[in-house]
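Structure file upload_33.cif with mmCIF, C-alpha atoms:
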```
data_protein
#
loop_
_atom_site.group_PDB
_atom_site.id
_atom_site.type_symbol
_atom_site.label_atom_id
_atom_site.label_comp_id
_atom_site.auth_asym_id
_atom_site.auth_seq_id
_atom_site.Cartn_x
_atom_site.Cartn_y
_atom_site.Cartn_z
ATOM 1 C CA MET A 1 -4.634 12.999 26.504
ATOM 2 C CA MET A 2 -6.614 10.228 24.816
ATOM 3 C CA GLU A 3 -5.054 6.808 24.539
ATOM 4 C CA ASP A 4 -6.036 4.122 22.098
ATOM 5 C CA ILE A 5 -7.101 0.843 23.650
ATOM 6 C CA ILE A 6 -6.207 -2.283 21.755
ATOM 7 C CA TYR A 7 -8.055 -5.462 22.627
ATOM 8 C CA ILE A 8 -6.074 -8.597 21.972
ATOM 9 C CA ASN A 9 -7.580 -12.058 21.688
ATOM 10 C CA ASN A 10 -5.383 -14.761 23.127
ATOM 11 C CA SER A 11 -5.053 -18.142 21.493
ATOM 12 C CA TYR A 12 -4.187 -21.022 23.750
ATOM 13 C CA ILE A 13 -2.560 -24.241 22.664
ATOM 14 C CA ASN A 14 -3.177 -27.319 24.831
ATOM 15 C CA SER A 15 -4.581 -25.141 27.616
ATOM 16 C CA ASN A 16 -1.206 -23.402 28.071
ATOM 17 C CA SER A 17 0.575 -26.641 28.885
ATOM 18 C CA ALA A 18 3.967 -25.200 27.914
ATOM 19 C CA PRO A 19 5.434 -22.894 30.606
ATOM 20 C CA TRP A 20 6.968 -20.606 27.971
ATOM 21 C CA GLY A 21 3.726 -20.409 25.978
ATOM 22 C CA ASN A 22 2.415 -17.306 27.719
ATOM 23 C CA ALA A 23 5.644 -15.381 27.145
ATOM 24 C CA ILE A 24 5.802 -16.231 23.458
ATOM 25 C CA ARG A 25 2.120 -15.414 22.950
ATOM 26 C CA GLY A 26 2.567 -12.155 24.852
ATOM 27 C CA ILE A 27 5.458 -11.108 22.619
ATOM 28 C CA TRP A 28 3.573 -12.191 19.494
ATOM 29 C CA ASN A 29 0.450 -10.268 20.518
ATOM 30 C CA PHE A 30 2.509 -7.152 21.233
ATOM 31 C CA VAL A 31 4.251 -7.353 17.853
ATOM 32 C CA GLN A 32 0.939 -7.877 16.063
ATOM 33 C CA SER A 33 -0.572 -4.828 17.774
ATOM 34 C CA LYS A 34 2.452 -2.735 16.816
ATOM 35 C CA LYS A 35 3.125 -4.248 13.411
ATOM 36 C CA ASP A 36 2.908 -0.977 11.455
ATOM 37 C CA PHE A 37 5.510 0.562 13.749
ATOM 38 C CA VAL A 38 7.677 -2.576 13.553
ATOM 39 C CA LYS A 39 7.448 -2.483 9.745
ATOM 40 C CA PHE A 40 8.317 1.224 9.799
ATOM 41 C CA VAL A 41 11.367 0.519 11.984
ATOM 42 C CA SER A 42 12.465 -2.243 9.591
ATOM 43 C CA SER A 43 11.938 -0.028 6.559
ATOM 44 C CA SER A 44 13.728 2.874 8.202
ATOM 45 C CA PHE A 45 16.635 0.703 9.265
ATOM 46 C CA SER A 46 17.156 -0.688 5.771
ATOM 47 C CA SER A 47 16.983 2.834 4.316
ATOM 48 C CA TYR A 48 19.338 4.021 7.037
ATOM 49 C CA LEU A 49 21.900 1.381 6.074
ATOM 50 C CA VAL A 50 21.832 2.704 2.500
ATOM 51 C CA ASP A 51 21.990 6.300 3.770
ATOM 52 C CA TYR A 52 24.861 5.692 6.195
ATOM 53 C CA ALA A 53 26.893 3.587 3.760
ATOM 54 C CA LEU A 54 26.579 6.167 0.979
ATOM 55 C CA TYR A 55 27.233 9.064 3.385
ATOM 56 C CA SER A 56 30.347 7.331 4.753
ATOM 57 C CA LEU A 57 31.671 6.562 1.285
ATOM 58 C CA LEU A 58 31.095 10.125 0.074
ATOM 59 C CA VAL A 59 32.665 11.689 3.196
ATOM 60 C CA ILE A 60 35.749 9.517 2.720
ATOM 61 C CA VAL A 61 35.999 10.217 -1.022
ATOM 62 C CA THR A 62 35.015 13.902 -1.137
ATOM 63 C CA GLY A 63 35.413 15.139 2.430
ATOM 64 C CA GLY A 64 32.245 17.197 1.993
ATOM 65 C CA LEU A 65 29.889 16.942 4.960
ATOM 66 C CA VAL A 66 26.812 18.718 3.597
ATOM 67 C CA SER A 67 27.010 17.381 0.038
ATOM 68 C CA SER A 68 27.608 13.822 1.288
ATOM 69 C CA ASN A 69 24.587 14.036 3.584
ATOM 70 C CA VAL A 70 22.306 15.541 0.921
ATOM 71 C CA ILE A 71 23.235 12.982 -1.755
ATOM 72 C CA ALA A 72 22.873 10.071 0.663
ATOM 73 C CA ARG A 73 19.486 11.363 1.878
ATOM 74 C CA ILE A 74 18.174 11.699 -1.679
ATOM 75 C CA PHE A 75 18.950 8.066 -2.485
ATOM 76 C CA SER A 76 17.786 6.637 0.832
ATOM 77 C CA SER A 77 14.575 8.694 0.870
ATOM 78 C CA ALA A 78 13.603 7.410 -2.585
ATOM 79 C CA MET A 79 14.043 3.851 -1.332
ATOM 80 C CA ASN A 80 12.232 4.633 1.915
ATOM 81 C CA TYR A 81 9.253 6.198 0.129
ATOM 82 C CA TRP A 82 8.736 3.164 -2.062
ATOM 83 C CA VAL A 83 9.021 0.658 0.815
ATOM 84 C CA ASN A 84 6.796 2.684 3.161
ATOM 85 C CA ARG A 85 4.171 3.253 0.495
ATOM 86 C CA LYS A 86 3.954 -0.417 -0.472
ATOM 87 C CA PHE A 87 4.653 -2.360 2.711
ATOM 88 C CA VAL A 88 4.241 -0.160 5.778
ATOM 89 C CA PHE A 89 1.281 2.132 5.180
ATOM 90 C CA HIS A 90 -0.278 0.229 2.230
ATOM 91 C CA GLU A 91 -1.013 3.513 0.496
ATOM 92 C CA ASN A 92 -3.692 3.427 -2.174
ATOM 93 C CA GLU A 93 -3.783 7.176 -2.731
ATOM 94 C CA ASN A 94 -2.589 8.707 -5.972
ATOM 95 C CA MET A 95 1.150 8.041 -6.124
ATOM 96 C CA LEU A 96 1.941 11.562 -7.323
ATOM 97 C CA LYS A 97 0.021 13.106 -4.413
ATOM 98 C CA SER A 98 1.714 10.976 -1.742
ATOM 99 C CA ALA A 99 5.130 11.384 -3.424
ATOM 100 C CA VAL A 100 4.833 15.182 -3.393
ATOM 101 C CA LYS A 101 3.876 15.140 0.298
ATOM 102 C CA TYR A 102 6.608 12.619 1.159
ATOM 103 C CA PHE A 103 9.414 14.438 -0.639
ATOM 104 C CA ALA A 104 8.309 17.829 0.737
ATOM 105 C CA LEU A 105 8.579 16.303 4.207
ATOM 106 C CA ALA A 106 11.875 14.625 3.256
ATOM 107 C CA LEU A 107 13.265 17.988 2.123
ATOM 108 C CA ILE A 108 12.317 19.631 5.432
ATOM 109 C CA ILE A 109 13.788 16.753 7.427
ATOM 110 C CA MET A 110 16.924 16.728 5.270
ATOM 111 C CA CYS A 111 17.455 20.459 5.917
ATOM 112 C CA GLY A 112 16.963 20.021 9.665
ATOM 113 C CA ASN A 113 19.091 16.897 9.658
ATOM 114 C CA THR A 114 21.915 18.641 7.786
ATOM 115 C CA MET A 115 21.827 21.665 10.114
ATOM 116 C CA VAL A 116 21.996 19.473 13.236
ATOM 117 C CA LEU A 117 24.728 17.310 11.693
ATOM 118 C CA ASN A 118 26.770 20.389 10.789
ATOM 119 C CA LEU A 119 26.263 21.828 14.301
ATOM 120 C CA LEU A 120 27.421 18.622 15.956
ATOM 121 C CA VAL A 121 30.520 18.376 13.753
ATOM 122 C CA SER A 122 31.484 22.057 13.430
ATOM 123 C CA GLY A 123 30.091 23.413 16.677
ATOM 124 C CA PHE A 124 30.824 20.567 19.076
ATOM 125 C CA GLY A 125 33.674 18.782 17.292
ATOM 126 C CA ILE A 126 31.913 15.405 17.224
ATOM 127 C CA ASN A 127 33.261 12.851 14.754
ATOM 128 C CA ARG A 128 31.384 12.984 11.410
ATOM 129 C CA MET A 129 30.355 9.337 11.516
ATOM 130 C CA ILE A 130 29.127 9.463 15.116
ATOM 131 C CA ALA A 131 27.353 12.780 14.526
ATOM 132 C CA LYS A 132 25.454 11.198 11.624
ATOM 133 C CA ILE A 133 24.154 8.419 13.879
ATOM 134 C CA ILE A 134 23.118 10.869 16.629
ATOM 135 C CA THR A 135 21.393 13.169 14.152
ATOM 136 C CA ASP A 136 19.457 10.411 12.436
ATOM 137 C CA LEU A 137 18.295 8.949 15.739
ATOM 138 C CA CYS A 138 16.979 12.380 16.752
ATOM 139 C CA PHE A 139 14.935 12.677 13.558
ATOM 140 C CA PHE A 140 13.538 9.122 13.573
ATOM 141 C CA ILE A 141 10.438 9.750 15.736
ATOM 142 C CA VAL A 142 9.750 13.065 13.994
ATOM 143 C CA ASN A 143 9.831 11.254 10.664
ATOM 144 C CA TRP A 144 7.545 8.410 11.823
ATOM 145 C CA THR A 145 4.966 10.800 13.239
ATOM 146 C CA ALA A 146 4.983 13.127 10.250
ATOM 147 C CA GLN A 147 4.736 10.317 7.697
ATOM 148 C CA ARG A 148 1.880 8.653 9.564
ATOM 149 C CA ILE A 149 -0.089 11.876 10.021
ATOM 150 C CA MET A 150 0.735 13.960 6.942
ATOM 151 C CA VAL A 151 1.857 11.686 4.122
ATOM 152 C CA PHE A 152 0.236 8.263 4.463
ATOM 153 C CA GLU A 153 -2.887 9.338 6.340
#
```
Rendering of file as structure tokens:
Amino acid sequence: MMEDIIYINNSYINSNSAPWGNAIRGIWNFVQSKKDFVKFVSSSFSSYLVDYALYSLLVIVTGGLVSSNVIARIFSSAMNYWVNRKFVFHENENMLKSAVKYFALALIIMCGNTMVLNLLVSGFGINRMIAKIITDLCFFIVNWTAQRIMVFE
């Protein structure tokens, strides 16, 4: 398995006179080297808040598990696509081309997400709200990897 090596230049202020300077610089350097992933996490979390809020509202109002999940995913994925395209992956490709790839992936993930959610609720009797959190956490890494490799190459 090949691993990427990231070389980080350190900047020192006053020859590291502050005892906490190394720790802060270490954290800053780590964040800088992982900034695309950090931006993806931030984007995903904001989209997730929209998704979870809408899902919760629709489950309370309609009682429908599948329809609530599908409607919430449609709205949150539209938001997520726009944010990821502009701020995370800085996509310059034809918008139509990346949108088709993104929403094809979103459809596949939504189907898998809905099946797992339904299994957790119907098959294992897990609370609908808790099952939503578990399901979305399971699909987070899959989504990151697929978007990075297939959509925003």
Problem set entry | Expansion of the PyMOL selection byres ((chain A and resi 80-89) around 8) into residues, as an NGL selection string | :A and (36 or 39-40 or 43-44 or 47 or 76-79 or 90-91 or 99 or 102 or 148 or 152)
Exercise. What does the PyMOL selection byres ((chain A and resi 73) around 12) select in this file, as a VMD selection string?
Worked result: chain A and resid 47 to 56 58 66 to 72 74 to 81 103 106 to 114 132 136
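Atom to atom, atom CA of Val151 of chain A and atom CA of Ser98 of chain A stand 5.9 Å apart.
From atom CA of Leu57 of chain A back to atom CA of Phe140 of chain A, the distance works out to 22.1 Å.
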Exercise. Just how far from atom CA of Leu117 of chain A is atom CA of Ile134 of chain A, in Å to one decimal?
Worked result: 8.3 Å
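Checking A:Val38, A:Val59, A:Ala104, A:Met95 one by one against Ala146 of chain A, counting all atoms listed in the file, you find the shortest gap at A:Ala104.
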Exercise. So which one's closest to Cys138 of chain A, A:Leu65, A:Val116, A:Val41, A:Ile126? Using only C-alpha atoms, please.
Worked result: A:Val116
Kindly compute an axis-aligned box around the listed atoms of segment 50-60 of chain A, allowing 4 Å on each side, and express its centre and edge lengths in Å to one decimal as JSON.
```
{"center_x": 28.8, "center_y": 7.2, "center_z": 3.1, "size_x": 21.9, "size_y": 17.0, "size_z": 14.1}
```
